[in-house]
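Asks: So I've got this file, entry05.txt, and it contains compact mmCIF, C-alpha atoms:
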# COMPACT_ATOMS: atom_id res chain seq x y z
CA MET A 1 73.12 120.12 122.64
CA ASN A 2 70.21 122.50 122.93
CA GLU A 3 68.50 122.11 119.54
CA PRO A 4 66.87 125.60 119.31
CA ARG A 5 70.19 127.27 120.20
CA GLN A 6 72.04 125.11 117.70
CA LYS A 7 69.54 125.93 114.93
CA LEU A 8 69.79 129.67 115.69
CA SER A 9 73.56 129.47 115.70
CA GLU A 10 73.60 127.65 112.36
CA ALA A 11 71.12 130.10 110.80
CA VAL A 12 73.21 133.08 111.94
CA LYS A 13 76.38 131.46 110.61
CA ASP A 14 74.70 130.82 107.23
CA LEU A 15 73.46 134.42 106.92
CA LEU A 16 76.86 135.84 107.86
CA SER A 17 78.65 133.55 105.38
CA GLN A 18 76.36 134.95 102.66
CA GLY A 19 77.50 138.49 103.54
CA HIS A 20 74.40 139.55 105.49
CA SER A 21 74.46 141.47 108.76
CA VAL A 22 72.35 139.97 111.54
CA GLU A 23 70.55 141.70 114.40
CA LEU A 24 70.12 139.74 117.62
CA SER A 25 69.00 140.45 121.17
CA ALA A 26 71.52 139.89 123.94
CA TYR A 27 70.35 137.37 126.50
CA GLY A 28 73.23 136.91 128.92
CA ARG A 29 74.72 139.11 131.61
CA SER A 30 78.43 138.72 130.88
CA MET A 31 78.67 142.12 129.17
CA ILE A 32 76.87 144.15 131.86
CA PRO A 33 76.89 147.15 132.07
CA PHE A 34 77.77 147.72 128.41
CA LEU A 35 75.11 145.30 127.11
CA ARG A 36 72.01 144.31 129.00
CA PRO A 37 69.72 141.36 128.35
CA GLY A 38 67.29 142.22 125.56
CA GLN A 39 69.46 144.91 124.02
CA LYS A 40 69.99 144.49 120.27
CA VAL A 41 73.39 144.08 118.64
CA LYS A 42 74.34 144.00 114.97
CA LEU A 43 76.71 141.26 113.78
CA THR A 44 78.57 142.16 110.60
CA PRO A 45 80.70 139.76 108.57
CA THR A 46 84.29 140.87 109.11
CA GLU A 47 87.50 138.98 108.40
CA LEU A 48 89.22 137.70 111.51
CA SER A 49 92.38 139.50 110.38
CA GLN A 50 90.52 142.85 110.69
CA ILE A 51 89.67 142.41 114.38
CA VAL A 52 91.57 144.57 116.88
CA ARG A 53 91.85 144.84 120.64
CA GLY A 54 88.68 146.45 122.04
CA ASP A 55 86.31 145.14 119.33
CA LEU A 56 83.25 143.15 120.31
CA VAL A 57 82.98 139.84 118.48
CA ALA A 58 80.49 137.00 118.21
CA PHE A 59 81.66 133.41 118.35
CA HIS A 60 80.39 129.88 118.96
CA LYS A 61 80.88 128.37 122.40
CA GLN A 62 79.52 124.85 122.52
CA ASP A 63 75.97 125.14 121.15
CA TYR A 64 75.36 128.88 121.62
CA LEU A 65 76.54 132.30 120.46
CA VAL A 66 78.64 134.55 122.67
CA VAL A 67 79.39 138.26 122.33
CA HIS A 68 82.51 139.37 124.24
CA ARG A 69 85.23 141.99 124.03
CA VAL A 70 88.62 141.26 122.45
CA HIS A 71 91.44 141.75 124.98
CA ALA A 72 94.29 140.53 122.77
CA VAL A 73 94.98 139.35 119.23
CA HIS A 74 97.72 136.74 118.74
CA THR A 75 99.14 135.43 115.50
CA THR A 76 100.37 131.84 115.79
CA ASN A 77 101.56 129.18 113.36
CA ASP A 78 97.96 127.93 113.32
CA GLY A 79 96.50 131.36 112.52
CA ILE A 80 94.92 134.19 114.48
CA GLN A 81 93.67 133.73 118.04
CA LEU A 82 91.49 136.23 119.87
CA ILE A 83 91.56 136.41 123.64
CA THR A 84 88.07 137.51 124.67
CA LYS A 85 86.25 138.13 127.93
CA GLY A 86 82.84 139.36 128.99
CA ASP A 87 83.15 142.80 130.60
CA SER A 88 81.72 141.52 133.89
CA ASN A 89 83.41 138.10 133.79
CA LEU A 90 86.50 137.54 135.89
CA ASN A 91 88.33 135.21 133.51
CA PRO A 92 88.96 135.13 129.76
CA ASP A 93 87.33 132.65 127.40
CA ALA A 94 89.17 129.88 125.60
CA PRO A 95 90.93 131.39 122.55
CA VAL A 96 88.64 132.24 119.63
CA THR A 97 89.97 131.00 116.29
CA SER A 98 88.70 130.82 112.73
CA GLU A 99 86.92 127.61 113.79
CA ASN A 100 84.47 129.36 116.12
CA TYR A 101 84.67 133.07 115.16
CA LEU A 102 81.49 134.44 113.56
CA ALA A 103 81.47 138.22 113.19
CA LYS A 104 82.29 141.64 114.56
CA ILE A 105 79.66 143.57 116.49
CA ASP A 106 79.53 146.95 114.84
CA GLY A 107 76.39 148.39 116.38
CA VAL A 108 74.21 148.39 119.47
CA TYR A 109 70.64 149.67 119.67
CA ARG A 110 70.38 152.33 122.40
CA ARG A 111 67.95 155.17 123.00
CA ALA A 112 65.86 154.33 119.92
CA ALA A 113 68.82 154.41 117.50
CA TRP A 114 71.70 152.26 116.29
CA ARG A 115 75.04 153.36 117.74
CA ALA A 116 78.32 152.50 116.04
CA LEU A 117 80.94 150.82 118.21
CA SER A 118 84.59 151.76 118.37
CA PRO A 119 87.42 149.73 119.91
CA THR A 120 88.91 153.03 121.11
CA SER A 121 85.79 154.33 122.87
CA LEU A 122 86.11 155.52 126.47
CA HIS A 123 84.25 152.44 127.70
CA SER A 124 86.52 150.05 125.76
CA ARG A 125 89.64 151.81 127.00
CA LEU A 126 88.45 151.66 130.62
CA VAL A 127 87.59 147.96 130.42
CA LEU A 128 90.91 147.07 128.80
CA ARG A 129 93.05 149.30 131.01
CA LEU A 130 91.44 148.37 134.34
CA GLY A 131 91.06 144.68 133.47
CA LYS A 132 89.93 142.53 136.36
CA GLY A 133 89.60 145.59 138.61
CA TYR A 134 86.78 146.79 136.35
CA SER A 135 85.16 143.37 136.08
CA VAL A 136 85.02 142.64 139.82
CA TRP A 137 82.57 145.46 140.54
CA PHE A 138 80.13 144.37 137.86
CA TRP A 139 80.63 140.65 138.59
CA VAL A 140 79.50 141.28 142.18
CA TRP A 141 76.68 143.58 141.05
CA LYS A 142 75.24 141.12 138.50
CA ARG A 143 75.36 138.32 141.10
CA THR A 144 73.20 140.39 143.45
CA MET A 145 70.68 141.48 140.76
CA HIS A 146 67.28 139.82 140.82
Would you mind writing the file out in structure tokens?
Replies:
Amino acid sequence: MNEPRQKLSEAVKDLLSQGHSVELSAYGRSMIPFLRPGQKVKLTPTELSQIVRGDLVAFHKQDYLVVHRVHAVHTTNDGIQLITKGDSNLNPDAPVTSENYLAKIDGVYRRAAWRALSPTSLHSRLVLRLGKGYSVWFWVWKRTMH
């Protein structure tokens, strides 16, 4: 495991479990064009049962944090499972459960101000409705970026 990533992940988890919101900078490209590397997001402690399709959530994947969009919410005998995917990724992630779920993303810093996020925003509806058709364009684009 990457020790700095693991320590950051543990620190974020501790702060969230104490009821604090956490601001972090995005570093990956899986949410392009909605989130770009370096853009700030606000993680807010939110019960897994309150998450709906279209929300952005943070979760653990191996030794790092991931922020992806919720495409489906399933209730199983074992609890709630979120099906998530980066907007510019072609395939969904492994199901997110209470074991690796961290928080809901309720804000993004754009144009010198915090902007609230809505699972019913035009962008969310486009991503969810167009599915892979939406993702392919940005998957190709991010692969050709330098």
Asks: When you draw a straight line from atom CA of A:Trp139 to atom CA of A:Ser124, how long is it in Å?
Replies: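 A separation of 17.0 Å between them.
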Asks: With a distance cut-off of 6 Å and all atoms listed in the file, select the neighbouring residues of stretch 10-21 of chain A, excluding the residue or stretch itself and same-chain residues fewer than 6 positions from it, and output the selection as a ChimeraX atom specification.
Replies: /A:43-45
Asks: A:Gln62, A:Ser9, A:Thr120, A:Gln50: which is nearest A:Ala94, counting all atoms listed in the file?
Replies: A:Gln62
Asks: Could you name the residues that touch A:Glu23 at 12 Å or less, counting only C-alpha atoms, but leaving out those on the same chain fewer than 4 positions away, as a VMD selection string?
Replies: chain A and resid 12 15 to 16 38 to 45 58 103 to 109 114
Asks: Just how far from atom CA of A:Lys85 is atom CA of A:Lys142, in Å to one decimal?
Replies: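 About the pair atom CA of A:Lys142 and atom CA of A:Lys85: they are 15.6 Å apart.
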Asks: Report the distance between atom CA of A:Ser49 and atom CA of A:Ser118 in Å, rounded to one decimal place.
Replies: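 Going from atom CA of A:Ser49 over to atom CA of A:Ser118, I get 16.6 Å.
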Asks: Restricting the calculation to all atoms listed in the file: of A:Tyr27, A:Phe34, A:Tyr64, A:Trp141, which residue gets closest to A:Asn100?
Replies: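 Looking at the shortest contact to A:Asn100, the residue is A:Tyr64.
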Asks: Looking at A:Pro37, A:His71, A:Leu122, A:Arg143, which one is nearest to A:Asn91, with distances taken over all atoms listed in the file?
Replies: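 Between A:Pro37, A:His71, A:Leu122, A:Arg143, the residue approaching A:Asn91 most closely is A:His71.
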Asks: Given the choices A:Gly133, A:Thr144, A:Leu24, A:Ile32, which gets closest to A:Leu90 if the distance is worked out from all atoms listed in the file?
Replies: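 Smallest distance to A:Leu90 is found for A:Gly133.
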Asks: Report, as AutoDock Vina command-line options, the axis-aligned box around all atoms of stretch 129-134 of chain A present in the file, extended by 3 Å on each side; give centre and edge lengths in Å to one decimal place.
Replies:
--center_x 89.9 --center_y 145.9 --center_z 134.8 --size_x 12.3 --size_y 12.8 --size_z 13.6
Asks: Counting all atoms listed in the file, which residue out of A:His60, A:Lys132, A:Ser98, A:Ala116 sits closest to A:Thr46?
Replies: A:Ser98
Asks: Which polymer residues have any atom within 8 Å of an atom of A:Ser88, counting only C-alpha atoms, with same-chain residues fewer than 5 positions away left out, as a list in words?
Replies: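 Within the cut-off, the hits are Arg29, Ser30, Met31, Ile32, Pro33, Tyr134, Ser135, Val136, Trp137, Phe138, Trp139 and Lys142 of chain A.
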Asks: Would you output that residue set with C-alpha atoms, as a PDB file, keeping the file's coordinate frame?
Replies:
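What ended up in again_5.pdb:
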ATOM      1  CA  ARG A  29      74.720 139.110 131.610  1.00  0.00           C
ATOM      2  CA  SER A  30      78.430 138.720 130.880  1.00  0.00           C
ATOM      3  CA  MET A  31      78.670 142.120 129.170  1.00  0.00           C
ATOM      4  CA  ILE A  32      76.870 144.150 131.860  1.00  0.00           C
ATOM      5  CA  PRO A  33      76.890 147.150 132.070  1.00  0.00           C
ATOM      6  CA  TYR A 134      86.780 146.790 136.350  1.00  0.00           C
ATOM      7  CA  SER A 135      85.160 143.370 136.080  1.00  0.00           C
ATOM      8  CA  VAL A 136      85.020 142.640 139.820  1.00  0.00           C
ATOM      9  CA  TRP A 137      82.570 145.460 140.540  1.00  0.00           C
ATOM     10  CA  PHE A 138      80.130 144.370 137.860  1.00  0.00           C
ATOM     11  CA  TRP A 139      80.630 140.650 138.590  1.00  0.00           C
ATOM     12  CA  LYS A 142      75.240 141.120 138.500  1.00  0.00           C
TER      13      LYS A 142
END
Asks: Which is closer to A:Thr84 than all the others in A:Glu47, A:Gln6, A:Val127, A:Ala113, using all atoms listed in the file?
Replies: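 Answer, going by the shortest atom-to-atom distance: A:Val127.
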Asks: From (87.3, 132.7, 117.2), in the file's coordinates, out to 8 Å: which residues are reached, counting all atoms listed in the file? Answer as a PDB file with C-alpha atoms, in the coordinates of the input.
Replies:
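Below you can see out-v4.pdb, which holds the result:
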ATOM      1  CA  LEU A  48      89.220 137.700 111.510  1.00  0.00           C
ATOM      2  CA  PHE A  59      81.660 133.410 118.350  1.00  0.00           C
ATOM      3  CA  HIS A  60      80.390 129.880 118.960  1.00  0.00           C
ATOM      4  CA  GLN A  81      93.670 133.730 118.040  1.00  0.00           C
ATOM      5  CA  LEU A  82      91.490 136.230 119.870  1.00  0.00           C
ATOM      6  CA  PRO A  95      90.930 131.390 122.550  1.00  0.00           C
ATOM      7  CA  VAL A  96      88.640 132.240 119.630  1.00  0.00           C
ATOM      8  CA  THR A  97      89.970 131.000 116.290  1.00  0.00           C
ATOM      9  CA  SER A  98      88.700 130.820 112.730  1.00  0.00           C
ATOM     10  CA  GLU A  99      86.920 127.610 113.790  1.00  0.00           C
ATOM     11  CA  ASN A 100      84.470 129.360 116.120  1.00  0.00           C
ATOM     12  CA  TYR A 101      84.670 133.070 115.160  1.00  0.00           C
ATOM     13  CA  LEU A 102      81.490 134.440 113.560  1.00  0.00           C
TER      14      LEU A 102
END
